[in-house]
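Participant: Before I ask anything, here is the structure I am working with.
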Amino acid sequence: MKKVSLFDVRSIVGALMFLYGVILLLASFATSDADKAKADGVNANLWVGLVLLVFGVLMVVWAVTRPIVVDEEQLEADKRAVEEAAGRRADDEGGAGGVG
Amino acid sequence: MDVMASSILRMDANWVDYLLIALYFVFVLGIGLSARASVSSSIDFFLSGRSLPAWVTGLAFISANLGAVEIMGMSANGAQFGMSTFHYYWIGAIPAMLFLAVVMMPFYYGSKVRSVPEFMLRRFGPAAHLVNSISFAVAQVLIAGVNLYLLATIVNALLGWNIWLSTVIAAIIVLSYITLGGLSAAIYNEVLQFFVIVAALLPLTYLALHKIGGWGGLQDAMDKAGTGGQTKSWPGTDLTGFSSSFWSVVGIVFGLGFVLSFGYWTTNFVEVQRAMASKDMNSAKRAPIIGSFPKMFIPFIIIVPGMLAAVLVSPLAQMKAKGADTGEGGITYNDSLLLLMKQLLPNGLLGVAIAGLLAAFMAGMAANISAFNTVMSYDIVQTYIRRDEEDHWYTSFGRVATLAATILAIGTSYFASQFPNMMTYLQTLFGFFNAPLFATFILGMFWKRMTAAAGWTGLVAGTAAAVTVAFLSEDAFGSASTGVLHLSGQGASFVAAGAAFVIDILVSVVVTMVTQPRVESELRGLVYSLTPKEDLLDEHAGHWYTSPTKLAGISLVMVIILNLLFR
């Protein structure tokens, strides 16, 4: 059985970057002249905010259009193999294995 | 650092910054909780990670290493030594990552061991395993101290509390972070952290370059400050502290490029583990190679801001002109990035930068503590001291070990605070722990006769050699060094690592000659000549970008071009 993984790092990264973008954009309207002068008059919050917003949207779009498919049978087989190896190691060492 | 420093470093964070920092923690906790809900065990987690595309494993591979220590240490190095710090990436990381991918990975992945100490156990037996486990545990506590100290520096800059109160608070935060299960989602957090750090450092570098008038402006400003030579990466005499250009190049290529970096990248538990989470041999080999491409360009947003800080931030520039280790208000090179952030970033972007740094230090220290915990509970106590306890005995021992490690880290953070340049301290530590390990590994992998006794005696002798060199140098151990040898700066740690490597090899060879080798059938898959050749070959790759050897070749050519451009 194959199923789509909801726990996708791209949506997580995308969501955080998007929210950061929104907050920075809002903050850019309130950025004081003193703050702008720090960076030679560049309104850094505005530009970085825009870039992060677009980047965040692109990451989420990528995650939605090309989802990760988990092959559950393969996963089960892999898991058994690792557990067997761990068991074998534990026997070799007189029950001293099992580092999770 | 004293009270004065806290006022000069004090960030004027406002509620927008705190909102951004809080949002980051909501995400980290969210990842931890959903990882707990969707996976039932750590085996589950690692294997579900195996369905991830290669770019995620590749990114996780370098972000595990792109900790706060690297960010602060490398920018401090950039501020103090300039372009020659790039050697840590172009000479000191890329070749070793490619070597790990193409030469070492078949052994790790093929022999199905799950950790580096486990490889030692199977190749050399209990004595070498015990030595390796103890030295690994000690190294983790010392490095945790570095992370804790840097974390406390940020808390201090943010809230203005004194550095000792900040250290204790920071330790408590990390303890709760570990208990809340942030670690079970380590790979995801690392990838997230990578993007937050880039989102903060890329604009910081741009703004600083804009302010000074671009790369040409930086060169002019450094010429004017009398440090124009630092815009060239070779021969790096400032970095090594060697007066001869020839020996400086030898020190960088052999000490840093070969012993230290191969030792670090090929035997580092955390790094290797990332690559081993791949779904097959081909992906395991490709993970370090894919990671090598961003790794080449990251120094431009870490080292270059450090160099810019040394020109733009006037207390730092004055301190550098005087050749002093501490400047106005007790600042050191370690504070370069914080000072630059304070000077350039508006509220908002400042919050993003602080969130990224906080995240990186916490993750770094949490990883050290949990690695210490694992090795202490299973590799040392369960294997050698109390074999037959119930499972829950080890679990509660683990909790005590976590608490003990955190308290020890508060102590080791004091050592760390004594070093004006964190990178010097760290490289000294790597010389003690990684350089001998690498020598034993490489000899054990290619020389089937090497005996179990040679395994542990080599490690002990190598570490002893590095410690001796550090004590005899001028400053590798801070004030504890005696100054008998005229070595200082990072040159001392390169020599210490070189000594560890050479002594380890010599002792191993001599001991092997007088002891009994192991039976060959026990070494299958662990030694090159006893491993089936088909395990070592590339599988037939459909595209050039799925062939590890071709990708590694491209990476190597690119790094050579970068070296020529900035020589």
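Convention: chains lettered A, B, ... in structure tokens order; per-chain residue numbering from 1; ligands numbered from 1 as shown.
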Tyr20 in chain A: which residues within 8 Å, counting only C-alpha atoms, same-chain residues fewer than 4 positions away excluded, as a list in words?
Facilitator: Leu16, Leu24, Gly49, Leu52 and Leu53 of chain A; Leu20 and Val352 of chain B
Participant: Selection from above, all heavy atoms, as a tab-separated table (two decimals), in the first residue's frame, can you write it?
Facilitator:
chain	number	residue	atom	x	y	z
A	16	LEU	N	6.39	28.46	7.51
A	16	LEU	CA	7.12	29.39	8.38
A	16	LEU	C	7.64	30.58	7.57
A	16	LEU	O	7.51	31.74	7.99
A	16	LEU	CB	8.28	28.68	9.09
A	16	LEU	CG	9.03	29.58	10.09
A	16	LEU	CD1	8.16	29.88	11.30
A	16	LEU	CD2	10.34	28.97	10.54
A	24	LEU	N	7.14	40.46	8.35
A	24	LEU	CA	8.15	41.45	7.95
A	24	LEU	C	7.53	42.53	7.07
A	24	LEU	O	7.85	43.71	7.19
A	24	LEU	CB	9.31	40.78	7.23
A	24	LEU	CG	10.27	39.95	8.09
A	24	LEU	CD1	11.42	39.42	7.25
A	24	LEU	CD2	10.82	40.78	9.24
A	49	GLY	N	10.86	40.58	3.34
A	49	GLY	CA	9.50	40.10	3.53
A	49	GLY	C	8.90	39.58	2.24
A	49	GLY	O	8.33	38.49	2.18
A	52	LEU	N	10.61	36.29	1.15
A	52	LEU	CA	10.21	35.15	1.98
A	52	LEU	C	8.79	34.71	1.66
A	52	LEU	O	8.48	33.52	1.61
A	52	LEU	CB	10.34	35.49	3.46
A	52	LEU	CG	11.75	35.64	4.00
A	52	LEU	CD1	11.73	35.84	5.51
A	52	LEU	CD2	12.60	34.42	3.65
A	53	LEU	N	7.92	35.70	1.43
A	53	LEU	CA	6.53	35.39	1.11
A	53	LEU	C	6.44	34.55	-0.16
A	53	LEU	O	5.81	33.49	-0.20
A	53	LEU	CB	5.77	36.71	0.95
A	53	LEU	CG	4.26	36.62	1.00
A	53	LEU	CD1	3.75	37.62	2.01
A	53	LEU	CD2	3.66	36.93	-0.35
B	20	LEU	N	8.42	37.02	16.19
B	20	LEU	CA	9.09	36.14	15.23
B	20	LEU	C	9.81	35.00	15.93
B	20	LEU	O	9.78	33.85	15.49
B	20	LEU	CB	10.07	36.95	14.38
B	20	LEU	CG	9.39	37.89	13.37
B	20	LEU	CD1	10.34	39.00	12.95
B	20	LEU	CD2	8.93	37.12	12.15
B	352	VAL	N	14.26	37.68	13.10
B	352	VAL	CA	14.56	36.49	12.29
B	352	VAL	C	15.98	36.01	12.60
B	352	VAL	O	16.21	34.81	12.82
B	352	VAL	CB	14.41	36.80	10.79
B	352	VAL	CG1	14.80	35.58	9.96
B	352	VAL	CG2	13.00	37.24	10.46
Participant: Quick one: everything within 7 Å of range 191-201 of chain B, counting only C-alpha atoms, minus sequence neighbours fewer than 6 positions away in the same chain. Send it as a ChimeraX atom specification.
Facilitator: /A:13 /B:59-60,63,301,349,352-353,356,359-360
Participant: I'd like the neighbourhood of range 55-61 of chain A as a ChimeraX atom specification, where a residue qualifies if any of its atoms comes within 7 Å (using only C-alpha atoms), though same-chain residues fewer than 2 positions away should be ignored.
Facilitator: /A:10-11,14-15,17-18,51-53,63-65
Participant: Could you list, as number ranges by chain, every residue within 6 Å of Leu46 in chain A, counting only C-alpha atoms and ignoring same-chain residues fewer than 3 positions away?
Facilitator: A: 25, 28, 43, 49
Participant: Grab the residues selected above and save them as a short mmCIF file (atom, residue, chain, number, x, y, z; two decimals), in the first residue's frame with N, CA and C atoms.
Facilitator:
data_model
loop_
_atom_site.label_atom_id
_atom_site.label_comp_id
_atom_site.auth_asym_id
_atom_site.auth_seq_id
_atom_site.Cartn_x
_atom_site.Cartn_y
_atom_site.Cartn_z
N LEU A 25 6.63 42.12 6.15
CA LEU A 25 5.97 43.11 5.29
C LEU A 25 5.19 44.12 6.12
N SER A 28 7.41 46.38 7.87
CA SER A 28 8.12 47.33 7.01
C SER A 28 7.40 48.68 6.93
N ASN A 43 14.87 49.78 2.86
CA ASN A 43 13.86 49.21 3.74
C ASN A 43 13.96 47.70 3.68
N GLY A 49 10.86 40.58 3.34
CA GLY A 49 9.50 40.10 3.53
C GLY A 49 8.90 39.58 2.24
#
Participant: Could you write out as a PyMOL selection string the residues of chain B within 6 Å of chain A, counting only C-alpha atoms?
Facilitator: chain B and resi 192+344+346+348+383
Participant: Grab the CA of Ala363 in chain B to CA of Leu130 in chain B distance for me, in Å with one decimal place.
Facilitator: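 Computing the Euclidean distance for CA of Ala363 in chain B and CA of Leu130 in chain B yields 26.8 Å.
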Participant: Name the closest residue to Phe107 in chain B among the candidates B:Leu23, B:Ile442, B:Val559, B:Ala464; distances are taken between atoms, counting only C-alpha atoms.
Facilitator: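 The answer is B:Ile442, which sits nearest to Phe107 in chain B.
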